Each structure stands twice: as C-alpha cells, then as structure tokens.
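Trainee: Sharing upload.cif here; it has mmCIF, N, CA and C atoms.
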data_work
#
loop_
_atom_site.label_atom_id
_atom_site.label_comp_id
_atom_site.auth_asym_id
_atom_site.auth_seq_id
_atom_site.Cartn_x
_atom_site.Cartn_y
_atom_site.Cartn_z
N MET A 160 113.75 175.22 181.18
CA MET A 160 113.09 174.74 179.98
C MET A 160 112.10 175.80 179.49
N ALA A 161 112.14 176.03 178.19
CA ALA A 161 111.28 177.05 177.59
C ALA A 161 109.82 176.58 177.56
N ALA A 162 108.94 177.54 177.65
CA ALA A 162 107.50 177.23 177.61
C ALA A 162 107.11 176.78 176.20
N ASP A 163 106.12 175.90 176.14
CA ASP A 163 105.61 175.40 174.87
C ASP A 163 104.68 176.46 174.28
N ILE A 164 105.10 177.07 173.18
CA ILE A 164 104.32 178.14 172.55
C ILE A 164 103.25 177.62 171.60
N VAL A 165 103.35 176.34 171.23
CA VAL A 165 102.49 175.82 170.17
C VAL A 165 101.00 175.86 170.49
N PRO A 166 100.55 175.45 171.69
CA PRO A 166 99.10 175.49 171.93
C PRO A 166 98.51 176.89 171.74
N GLU A 167 99.16 177.90 172.26
CA GLU A 167 98.67 179.26 172.10
C GLU A 167 98.75 179.71 170.64
N LEU A 168 99.85 179.35 169.98
CA LEU A 168 100.03 179.70 168.58
C LEU A 168 98.94 179.05 167.72
N TYR A 169 98.67 177.78 167.97
CA TYR A 169 97.61 177.10 167.21
C TYR A 169 96.25 177.72 167.48
N ASP A 170 95.99 178.08 168.72
CA ASP A 170 94.71 178.72 169.05
C ASP A 170 94.54 180.01 168.27
N ARG A 171 95.60 180.80 168.14
CA ARG A 171 95.53 182.04 167.37
C ARG A 171 95.32 181.76 165.88
N ILE A 172 96.04 180.76 165.37
CA ILE A 172 95.89 180.38 163.97
C ILE A 172 94.46 179.94 163.70
N HIS A 173 93.95 179.07 164.55
CA HIS A 173 92.60 178.54 164.35
C HIS A 173 91.55 179.63 164.50
N ALA A 174 91.73 180.54 165.44
CA ALA A 174 90.78 181.65 165.61
C ALA A 174 90.76 182.54 164.37
N ASP A 175 91.94 182.84 163.80
CA ASP A 175 91.99 183.64 162.57
C ASP A 175 91.33 182.89 161.41
N PHE A 176 91.57 181.59 161.33
CA PHE A 176 90.95 180.77 160.30
C PHE A 176 89.43 180.81 160.41
N GLU A 177 88.91 180.62 161.61
CA GLU A 177 87.46 180.64 161.83
C GLU A 177 86.87 182.01 161.51
N ARG A 178 87.56 183.07 161.93
CA ARG A 178 87.07 184.43 161.64
C ARG A 178 87.00 184.66 160.13
N LYS A 179 88.04 184.23 159.44
CA LYS A 179 88.09 184.42 157.99
C LYS A 179 86.97 183.63 157.30
N ILE A 180 86.74 182.40 157.75
CA ILE A 180 85.66 181.58 157.19
C ILE A 180 84.31 182.26 157.43
N ASN A 181 84.09 182.69 158.65
CA ASN A 181 82.81 183.30 159.01
C ASN A 181 82.53 184.61 158.30
N SER A 182 83.59 185.27 157.83
CA SER A 182 83.39 186.54 157.13
C SER A 182 83.39 186.38 155.61
N SER A 183 83.63 185.16 155.12
CA SER A 183 83.71 184.93 153.69
C SER A 183 82.33 184.79 153.05
N LYS A 184 82.03 185.67 152.13
CA LYS A 184 80.75 185.60 151.40
C LYS A 184 80.71 184.37 150.52
N LYS A 185 81.85 183.99 149.94
CA LYS A 185 81.90 182.81 149.08
C LYS A 185 81.54 181.55 149.85
N ILE A 186 82.05 181.44 151.06
CA ILE A 186 81.76 180.26 151.88
C ILE A 186 80.30 180.27 152.31
N LYS A 187 79.80 181.42 152.72
CA LYS A 187 78.40 181.52 153.11
C LYS A 187 77.47 181.16 151.94
N THR A 188 77.80 181.64 150.77
CA THR A 188 76.99 181.36 149.58
C THR A 188 77.00 179.87 149.27
N PHE A 189 78.19 179.27 149.30
CA PHE A 189 78.27 177.83 149.00
C PHE A 189 77.49 177.01 150.03
N ARG A 190 77.66 177.33 151.30
CA ARG A 190 76.96 176.56 152.34
C ARG A 190 75.44 176.71 152.20
N SER A 191 75.00 177.87 151.79
CA SER A 191 73.57 178.09 151.55
C SER A 191 73.09 177.23 150.39
N ARG A 192 73.86 177.18 149.33
CA ARG A 192 73.50 176.34 148.18
C ARG A 192 73.51 174.86 148.55
N LEU A 193 74.43 174.48 149.41
CA LEU A 193 74.49 173.08 149.86
C LEU A 193 73.23 172.74 150.65
N GLU A 194 72.81 173.65 151.52
CA GLU A 194 71.58 173.44 152.30
C GLU A 194 70.36 173.34 151.40
N LYS A 195 70.33 174.18 150.35
CA LYS A 195 69.18 174.20 149.43
C LYS A 195 69.26 173.08 148.39
N LYS A 196 70.35 172.30 148.46
CA LYS A 196 70.58 171.18 147.53
C LYS A 196 70.73 171.66 146.09
N THR A 197 71.37 172.82 145.93
CA THR A 197 71.62 173.34 144.59
C THR A 197 73.12 173.47 144.31
N ALA A 198 73.96 172.96 145.21
CA ALA A 198 75.41 173.05 145.03
C ALA A 198 75.86 172.14 143.90
N ASP A 199 76.88 172.59 143.17
CA ASP A 199 77.44 171.77 142.10
C ASP A 199 78.93 171.54 142.34
N ALA A 200 79.54 170.74 141.48
CA ALA A 200 80.96 170.39 141.65
C ALA A 200 81.86 171.63 141.57
N LYS A 201 81.51 172.55 140.69
CA LYS A 201 82.30 173.78 140.58
C LYS A 201 82.25 174.55 141.90
N GLY A 202 81.08 174.57 142.52
CA GLY A 202 80.94 175.24 143.82
C GLY A 202 81.82 174.60 144.89
N VAL A 203 81.91 173.28 144.86
CA VAL A 203 82.77 172.58 145.83
C VAL A 203 84.22 172.98 145.61
N SER A 204 84.61 173.07 144.35
CA SER A 204 85.98 173.46 144.02
C SER A 204 86.28 174.89 144.49
N LEU A 205 85.35 175.79 144.26
CA LEU A 205 85.53 177.17 144.71
C LEU A 205 85.55 177.26 146.24
N TYR A 206 84.72 176.45 146.87
CA TYR A 206 84.68 176.37 148.34
C TYR A 206 86.03 175.92 148.87
N ALA A 207 86.59 174.88 148.25
CA ALA A 207 87.90 174.36 148.67
C ALA A 207 88.97 175.44 148.51
N ALA A 208 88.93 176.14 147.40
CA ALA A 208 89.91 177.21 147.16
C ALA A 208 89.79 178.31 148.21
N GLU A 209 88.57 178.68 148.53
CA GLU A 209 88.35 179.74 149.53
C GLU A 209 88.81 179.29 150.91
N LEU A 210 88.57 178.02 151.25
CA LEU A 210 89.08 177.50 152.53
C LEU A 210 90.60 177.56 152.55
N GLY A 211 91.22 177.27 151.42
CA GLY A 211 92.68 177.38 151.31
C GLY A 211 93.17 178.80 151.53
N VAL A 212 92.45 179.75 150.98
CA VAL A 212 92.79 181.17 151.18
C VAL A 212 92.69 181.53 152.66
N CYS A 213 91.64 181.05 153.31
CA CYS A 213 91.45 181.33 154.74
C CYS A 213 92.56 180.70 155.58
N ALA A 214 92.94 179.48 155.24
CA ALA A 214 94.02 178.80 155.97
C ALA A 214 95.35 179.51 155.75
N ALA A 215 95.63 179.89 154.50
CA ALA A 215 96.87 180.59 154.19
C ALA A 215 96.96 181.91 154.95
N TYR A 216 95.86 182.62 155.01
CA TYR A 216 95.81 183.88 155.75
C TYR A 216 96.17 183.65 157.22
N ALA A 217 95.53 182.66 157.82
CA ALA A 217 95.76 182.39 159.25
C ALA A 217 97.20 181.97 159.51
N LEU A 218 97.75 181.16 158.63
CA LEU A 218 99.12 180.68 158.82
C LEU A 218 100.14 181.79 158.61
N THR A 219 99.99 182.55 157.53
CA THR A 219 100.98 183.60 157.27
C THR A 219 100.89 184.73 158.29
N ARG A 220 99.74 184.92 158.84
CA ARG A 220 99.57 185.96 159.85
C ARG A 220 100.23 185.58 161.17
N ASN A 221 100.29 184.28 161.45
CA ASN A 221 100.77 183.84 162.77
C ASN A 221 102.13 183.16 162.78
N LEU A 222 102.54 182.56 161.69
CA LEU A 222 103.86 181.92 161.66
C LEU A 222 104.90 182.94 161.19
N THR A 223 105.15 183.89 162.05
CA THR A 223 106.08 184.98 161.75
C THR A 223 107.29 184.89 162.67
N GLU A 224 108.34 185.60 162.30
CA GLU A 224 109.55 185.60 163.13
C GLU A 224 109.25 186.02 164.56
N GLU A 225 108.36 186.99 164.72
CA GLU A 225 108.04 187.49 166.06
C GLU A 225 107.36 186.42 166.92
N ASN A 226 106.62 185.52 166.30
CA ASN A 226 105.87 184.51 167.04
C ASN A 226 106.61 183.19 167.22
N LEU A 227 107.74 183.03 166.56
CA LEU A 227 108.46 181.76 166.59
C LEU A 227 109.70 181.85 167.48
N PRO A 228 110.05 180.76 168.13
CA PRO A 228 111.24 180.77 168.98
C PRO A 228 112.49 181.02 168.13
N ASP A 229 113.30 181.93 168.57
CA ASP A 229 114.51 182.33 167.84
C ASP A 229 114.18 182.79 166.42
N GLY A 230 112.91 183.12 166.17
CA GLY A 230 112.50 183.57 164.85
C GLY A 230 112.55 182.48 163.79
N LYS A 231 112.63 181.21 164.23
CA LYS A 231 112.78 180.09 163.29
C LYS A 231 111.55 179.20 163.27
N LEU A 232 111.33 178.62 162.10
CA LEU A 232 110.24 177.67 161.91
C LEU A 232 110.80 176.27 162.11
N TYR A 233 110.28 175.57 163.10
CA TYR A 233 110.75 174.23 163.42
C TYR A 233 109.70 173.19 163.02
N TRP A 234 110.18 171.97 162.74
CA TRP A 234 109.30 170.89 162.31
C TRP A 234 108.19 170.62 163.32
N ASN A 235 108.52 170.57 164.61
CA ASN A 235 107.50 170.26 165.61
C ASN A 235 106.40 171.32 165.66
N ILE A 236 106.74 172.55 165.33
CA ILE A 236 105.74 173.61 165.29
C ILE A 236 104.82 173.40 164.09
N LEU A 237 105.41 173.10 162.94
CA LEU A 237 104.61 172.83 161.75
C LEU A 237 103.69 171.63 161.97
N GLU A 238 104.25 170.60 162.57
CA GLU A 238 103.50 169.37 162.79
C GLU A 238 102.28 169.59 163.68
N ARG A 239 102.39 170.54 164.59
CA ARG A 239 101.31 170.77 165.54
C ARG A 239 100.43 171.98 165.21
N THR A 240 100.75 172.67 164.12
CA THR A 240 99.92 173.80 163.70
C THR A 240 99.39 173.61 162.28
N VAL A 241 100.30 173.45 161.34
CA VAL A 241 99.92 173.35 159.93
C VAL A 241 99.15 172.05 159.66
N GLU A 242 99.69 170.95 160.13
CA GLU A 242 99.05 169.65 159.84
C GLU A 242 97.61 169.57 160.35
N PRO A 243 97.34 169.94 161.62
CA PRO A 243 95.94 169.86 162.06
C PRO A 243 95.02 170.83 161.32
N LEU A 244 95.53 171.99 160.95
CA LEU A 244 94.70 172.94 160.21
C LEU A 244 94.36 172.39 158.83
N LEU A 245 95.36 171.85 158.15
CA LEU A 245 95.10 171.28 156.83
C LEU A 245 94.21 170.04 156.90
N GLU A 246 94.33 169.30 157.98
CA GLU A 246 93.44 168.15 158.16
C GLU A 246 92.00 168.63 158.34
N GLU A 247 91.82 169.72 159.05
CA GLU A 247 90.48 170.28 159.22
C GLU A 247 89.92 170.79 157.88
N VAL A 248 90.75 171.49 157.12
CA VAL A 248 90.33 171.99 155.80
C VAL A 248 89.94 170.80 154.92
N ASN A 249 90.76 169.77 154.93
CA ASN A 249 90.46 168.58 154.14
C ASN A 249 89.12 167.96 154.56
N GLY A 250 88.88 167.89 155.84
CA GLY A 250 87.62 167.34 156.34
C GLY A 250 86.41 168.16 155.88
N LEU A 251 86.55 169.48 155.92
CA LEU A 251 85.46 170.35 155.47
C LEU A 251 85.17 170.18 153.98
N VAL A 252 86.24 170.08 153.19
CA VAL A 252 86.09 169.91 151.75
C VAL A 252 85.48 168.55 151.43
N MET A 253 85.98 167.51 152.08
CA MET A 253 85.46 166.16 151.82
C MET A 253 83.99 166.04 152.24
N ALA A 254 83.61 166.66 153.33
CA ALA A 254 82.21 166.64 153.77
C ALA A 254 81.33 167.35 152.74
N ALA A 255 81.79 168.49 152.24
CA ALA A 255 81.02 169.24 151.24
C ALA A 255 80.93 168.46 149.94
N ALA A 256 82.03 167.85 149.52
CA ALA A 256 82.02 167.08 148.28
C ALA A 256 81.09 165.87 148.40
N SER A 257 81.11 165.22 149.54
CA SER A 257 80.22 164.08 149.76
C SER A 257 78.76 164.51 149.73
N GLU A 258 78.47 165.63 150.37
CA GLU A 258 77.10 166.13 150.39
C GLU A 258 76.64 166.52 148.99
N GLN A 259 77.51 167.16 148.24
CA GLN A 259 77.18 167.54 146.87
C GLN A 259 76.96 166.30 146.02
N GLN A 260 77.78 165.27 146.21
CA GLN A 260 77.61 164.04 145.44
C GLN A 260 76.29 163.35 145.78
N LYS A 261 75.89 163.40 147.05
CA LYS A 261 74.59 162.84 147.44
C LYS A 261 73.45 163.55 146.71
N ILE A 262 73.58 164.87 146.57
CA ILE A 262 72.56 165.65 145.86
C ILE A 262 72.45 165.17 144.41
N VAL A 263 73.59 165.02 143.76
CA VAL A 263 73.61 164.55 142.37
C VAL A 263 73.02 163.15 142.27
N ASP A 264 73.45 162.27 143.19
CA ASP A 264 72.97 160.89 143.18
C ASP A 264 71.47 160.79 143.42
N GLU A 265 70.96 161.59 144.35
CA GLU A 265 69.51 161.58 144.63
C GLU A 265 68.71 161.96 143.39
N LYS A 266 69.18 162.99 142.70
CA LYS A 266 68.49 163.44 141.49
C LYS A 266 68.51 162.35 140.41
N ALA A 267 69.56 161.53 140.41
CA ALA A 267 69.68 160.46 139.40
C ALA A 267 69.06 159.15 139.89
N GLY A 268 68.51 159.16 141.10
CA GLY A 268 67.90 157.95 141.64
C GLY A 268 68.91 156.91 142.11
N ILE A 269 70.11 157.35 142.42
CA ILE A 269 71.17 156.46 142.89
C ILE A 269 71.23 156.55 144.41
N ASN A 270 71.29 155.41 145.06
CA ASN A 270 71.32 155.39 146.52
C ASN A 270 72.63 154.75 147.00
N ILE A 271 73.73 155.43 146.73
CA ILE A 271 75.05 154.95 147.16
C ILE A 271 75.67 156.02 148.04
N GLN A 272 76.23 155.59 149.15
CA GLN A 272 76.89 156.51 150.07
C GLN A 272 78.29 156.86 149.55
N PRO A 273 78.59 158.15 149.35
CA PRO A 273 79.95 158.52 148.92
C PRO A 273 80.98 158.13 149.97
N ILE A 274 82.16 157.79 149.51
CA ILE A 274 83.25 157.42 150.40
C ILE A 274 84.34 158.48 150.29
N ALA A 275 84.70 159.06 151.41
CA ALA A 275 85.74 160.10 151.42
C ALA A 275 87.11 159.42 151.46
N PRO A 276 88.06 159.94 150.71
CA PRO A 276 89.42 159.38 150.76
C PRO A 276 90.10 159.72 152.08
N ASP A 277 91.14 158.97 152.39
CA ASP A 277 91.92 159.25 153.59
C ASP A 277 92.64 160.59 153.45
N PHE A 278 92.95 161.18 154.58
CA PHE A 278 93.72 162.42 154.60
C PHE A 278 95.10 162.15 154.01
N PRO A 279 95.54 162.95 153.04
CA PRO A 279 96.83 162.71 152.37
C PRO A 279 98.01 163.22 153.21
N LYS A 280 98.27 162.55 154.30
CA LYS A 280 99.30 162.99 155.24
C LYS A 280 100.67 163.12 154.57
N TYR A 281 101.00 162.20 153.67
CA TYR A 281 102.30 162.25 153.00
C TYR A 281 102.45 163.53 152.18
N ARG A 282 101.36 164.01 151.57
CA ARG A 282 101.43 165.25 150.79
C ARG A 282 101.61 166.45 151.70
N VAL A 283 100.96 166.42 152.84
CA VAL A 283 101.09 167.50 153.81
C VAL A 283 102.52 167.52 154.35
N ARG A 284 103.06 166.33 154.62
CA ARG A 284 104.45 166.24 155.11
C ARG A 284 105.43 166.78 154.07
N ASP A 285 105.20 166.47 152.79
CA ASP A 285 106.04 167.03 151.72
C ASP A 285 105.96 168.55 151.71
N PHE A 286 104.76 169.07 151.85
CA PHE A 286 104.54 170.51 151.90
C PHE A 286 105.29 171.12 153.09
N MET A 287 105.21 170.46 154.24
CA MET A 287 105.89 170.97 155.43
C MET A 287 107.41 170.95 155.24
N ASN A 288 107.93 169.93 154.59
CA ASN A 288 109.36 169.87 154.30
C ASN A 288 109.78 171.05 153.42
N LYS A 289 108.94 171.39 152.45
CA LYS A 289 109.24 172.53 151.58
C LYS A 289 109.21 173.84 152.37
N LEU A 290 108.26 173.96 153.29
CA LEU A 290 108.21 175.16 154.13
C LEU A 290 109.48 175.31 154.95
N ILE A 291 109.91 174.21 155.54
CA ILE A 291 111.15 174.24 156.34
C ILE A 291 112.33 174.64 155.45
N SER A 292 112.42 174.06 154.25
CA SER A 292 113.52 174.39 153.33
C SER A 292 113.50 175.87 152.96
N PHE A 293 112.31 176.40 152.64
CA PHE A 293 112.21 177.82 152.29
C PHE A 293 112.60 178.70 153.48
N ALA A 294 112.16 178.31 154.67
CA ALA A 294 112.48 179.09 155.86
C ALA A 294 113.98 179.09 156.12
N GLU A 295 114.63 177.94 155.92
CA GLU A 295 116.09 177.86 156.11
C GLU A 295 116.83 178.68 155.08
N GLU A 296 116.36 178.62 153.83
CA GLU A 296 116.99 179.43 152.76
C GLU A 296 116.83 180.92 153.05
N ALA A 297 115.68 181.31 153.51
CA ALA A 297 115.43 182.72 153.82
C ALA A 297 116.32 183.18 154.97
N ALA A 298 116.53 182.29 155.93
CA ALA A 298 117.35 182.64 157.09
C ALA A 298 118.82 182.78 156.69
N ASP A 299 119.25 182.02 155.69
CA ASP A 299 120.64 182.07 155.22
C ASP A 299 120.94 183.33 154.44
N GLU A 300 119.90 183.95 153.88
CA GLU A 300 120.13 185.15 153.04
C GLU A 300 120.32 186.38 153.85
#
Please express what this file holds, its structure, as structure tokens.

Mentor:
Amino acid sequence: MAADIVPELYDRIHADFERKINSSKKIKTFRSRLEKKTADAKGVSLYAAELGVCAAYALTRNLTEENLPDGKLYWNILERTVEPLLEEVNGLVMAAASEQQKIVDEKAGINIQPIAPDFPKYRVRDFMNKLISFAEEAADE
C-alpha cells in the first residue's frame, strides 16, 4: 500500500500560504488598519483578494505533477488540501469583515453582533470539480 502523501503535501501548502501572508505588505497594512479601527469595506475586499493570491500561490506551487501520485490530481487530494485551505481563507475574511462591520456599527451607535455566513462548501466542491476536469483535459492533451 502506498504511503499517504496528503498530510505532508498539505503541510507544505499551508507553510507556503503562511509565508506568503506574513510577507504581504497589503495584509500587514489591512491588519494594522483593523487594529486602529480605521478599516473600511474596500480594505476588506482587498484583503480577501490578497488572501486569494496567497492561497493560489501555495496551491499552484505544490499541486504539481512532481508532487502528485502518478502526476495526477485526485479528488481525495483536493478534498484534503484545497478545501481546508479555502475554509481557512474564508474564516479569515469573515472575521475581518465582521470586525470591520463592528467598527462601522460602533461609530453609528449600533450594538448588533455581525453574523458570519456558513462556509460555502457547495461552491468549493464545484470549484474542485472544475479543477479535476481541467487536470483530466490537460492529461489527455
């Protein structure tokens, strides 16, 4: 039986993601503004986009033919690497959006706790299906 490569692969993906986040000036700037309570909705949007760039970098760097069994992308690998990473990105964005909304509400004298939406697992699954389809098409060429 072949060894399970996913835990090590995910660790590499997550380490690259964390390194990219920690080196991003855009993320540092946004987090500073959030701490100072000067963050705005546009900043949250830019923060989300930058987190997406960091995630994309980590995934494309590690989900390569050399790192995958038989050079193929399998559903179980996506499910255990892409899905948890995107869930983490979603959590970071939702936390920032909630914090930014609290800032706006405080300034307006509103005392309502923001509610974060559930993780859109179905959308992530659709995305993963598209990745598998693209990988299969690329392998056929």

Trainee: What residues come out when you apply the PyMOL selection byres ((chain A and resi 197-208) around 8) to this file, written as JSON, numbers by chain?

Mentor: {"A": [185, 186, 189, 190, 191, 192, 193, 194, 195, 196, 209, 210, 211, 212, 213, 214, 248, 251, 252, 253, 255, 256, 258, 259, 260, 262, 263]}

Trainee: Counting only C-alpha atoms, I want the residues whose atoms come within 12 Å of (86.8, 182.1, 161.0) in the file frame, returned as a short mmCIF file (atom, residue, chain, number, x, y, z; two decimals) with N, CA and C atoms, keeping the file's coordinate frame.

Mentor:
data_model
loop_
_atom_site.label_atom_id
_atom_site.label_comp_id
_atom_site.auth_asym_id
_atom_site.auth_seq_id
_atom_site.Cartn_x
_atom_site.Cartn_y
_atom_site.Cartn_z
N ASP A 170 95.99 178.08 168.72
CA ASP A 170 94.71 178.72 169.05
C ASP A 170 94.54 180.01 168.27
N ARG A 171 95.60 180.80 168.14
CA ARG A 171 95.53 182.04 167.37
C ARG A 171 95.32 181.76 165.88
N ILE A 172 96.04 180.76 165.37
CA ILE A 172 95.89 180.38 163.97
C ILE A 172 94.46 179.94 163.70
N HIS A 173 93.95 179.07 164.55
CA HIS A 173 92.60 178.54 164.35
C HIS A 173 91.55 179.63 164.50
N ALA A 174 91.73 180.54 165.44
CA ALA A 174 90.78 181.65 165.61
C ALA A 174 90.76 182.54 164.37
N ASP A 175 91.94 182.84 163.80
CA ASP A 175 91.99 183.64 162.57
C ASP A 175 91.33 182.89 161.41
N PHE A 176 91.57 181.59 161.33
CA PHE A 176 90.95 180.77 160.30
C PHE A 176 89.43 180.81 160.41
N GLU A 177 88.91 180.62 161.61
CA GLU A 177 87.46 180.64 161.83
C GLU A 177 86.87 182.01 161.51
N ARG A 178 87.56 183.07 161.93
CA ARG A 178 87.07 184.43 161.64
C ARG A 178 87.00 184.66 160.13
N LYS A 179 88.04 184.23 159.44
CA LYS A 179 88.09 184.42 157.99
C LYS A 179 86.97 183.63 157.30
N ILE A 180 86.74 182.40 157.75
CA ILE A 180 85.66 181.58 157.19
C ILE A 180 84.31 182.26 157.43
N ASN A 181 84.09 182.69 158.65
CA ASN A 181 82.81 183.30 159.01
C ASN A 181 82.53 184.61 158.30
N SER A 182 83.59 185.27 157.83
CA SER A 182 83.39 186.54 157.13
C SER A 182 83.39 186.38 155.61
N SER A 183 83.63 185.16 155.12
CA SER A 183 83.71 184.93 153.69
C SER A 183 82.33 184.79 153.05
N LYS A 184 82.03 185.67 152.13
CA LYS A 184 80.75 185.60 151.40
C LYS A 184 80.71 184.37 150.52
N ILE A 186 82.05 181.44 151.06
CA ILE A 186 81.76 180.26 151.88
C ILE A 186 80.30 180.27 152.31
N LYS A 187 79.80 181.42 152.72
CA LYS A 187 78.40 181.52 153.11
C LYS A 187 77.47 181.16 151.94
N GLU A 209 88.57 178.68 148.53
CA GLU A 209 88.35 179.74 149.53
C GLU A 209 88.81 179.29 150.91
N LEU A 210 88.57 178.02 151.25
CA LEU A 210 89.08 177.50 152.53
C LEU A 210 90.60 177.56 152.55
N VAL A 212 92.45 179.75 150.98
CA VAL A 212 92.79 181.17 151.18
C VAL A 212 92.69 181.53 152.66
N CYS A 213 91.64 181.05 153.31
CA CYS A 213 91.45 181.33 154.74
C CYS A 213 92.56 180.70 155.58
N ALA A 214 92.94 179.48 155.24
CA ALA A 214 94.02 178.80 155.97
C ALA A 214 95.35 179.51 155.75
N TYR A 216 95.86 182.62 155.01
CA TYR A 216 95.81 183.88 155.75
C TYR A 216 96.17 183.65 157.22
N ALA A 217 95.53 182.66 157.82
CA ALA A 217 95.76 182.39 159.25
C ALA A 217 97.20 181.97 159.51
N VAL A 248 90.75 171.49 157.12
CA VAL A 248 90.33 171.99 155.80
C VAL A 248 89.94 170.80 154.92
#

Trainee: For a test of reading the model, state the distance in Å between atom N of Arg284 (chain A) and CA of Arg239 (chain A), rounded to one decimal.

Mentor: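 One can read the atom N of Arg284 (chain A) to CA of Arg239 (chain A) distance as 11.9 Å.
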
Trainee: Can you list, as an NGL selection string, all residues belonging to chain A that DSSP tags as alpha helix (DSSP H)?

Mentor: :A and (165-182 or 184-194 or 200-221 or 234-266 or 280-299)

Trainee: For a test of reading the model, state the distance in Å between CA of Ile236 (chain A) and CA of Val165 (chain A), rounded to one decimal.

Mentor: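 Interatomic distance, CA of Ile236 (chain A) to CA of Val165 (chain A): 6.3 Å.
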
Trainee: Taking the file as I've supplied it (selection: the PyMOL selection byres (((chain A and resi 273 and name CA) around 6) and name CA)), which residues are included? Please answer as an mmCIF file with N, CA and C atoms, in the frame of the given file.

Mentor:
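The resulting selection-v2.cif:
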data_model
loop_
_atom_site.group_PDB
_atom_site.id
_atom_site.type_symbol
_atom_site.label_atom_id
_atom_site.label_comp_id
_atom_site.auth_asym_id
_atom_site.auth_seq_id
_atom_site.Cartn_x
_atom_site.Cartn_y
_atom_site.Cartn_z
ATOM 1 N N SER A 257 81.110 165.220 149.540
ATOM 2 C CA SER A 257 80.220 164.080 149.760
ATOM 3 C C SER A 257 78.760 164.510 149.730
ATOM 4 N N GLN A 272 76.230 155.590 149.150
ATOM 5 C CA GLN A 272 76.890 156.510 150.070
ATOM 6 C C GLN A 272 78.290 156.860 149.550
ATOM 7 N N ILE A 274 82.160 157.790 149.510
ATOM 8 C CA ILE A 274 83.250 157.420 150.400
ATOM 9 C C ILE A 274 84.340 158.480 150.290
#

Trainee: If you measure from CA of Glu246 (chain A) to CA of Leu232 (chain A), what distance in Å do you get, rounded to one decimal?

Mentor: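 So the answer is 19.7 Å.
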
Trainee: Applying 7 Å and all atoms listed in the file, which residues near Tyr233 (chain A) remain after dropping the ones on its own chain fewer than 4 positions away? List them as a VMD selection string.

Mentor: chain A and resid 237 to 238 291
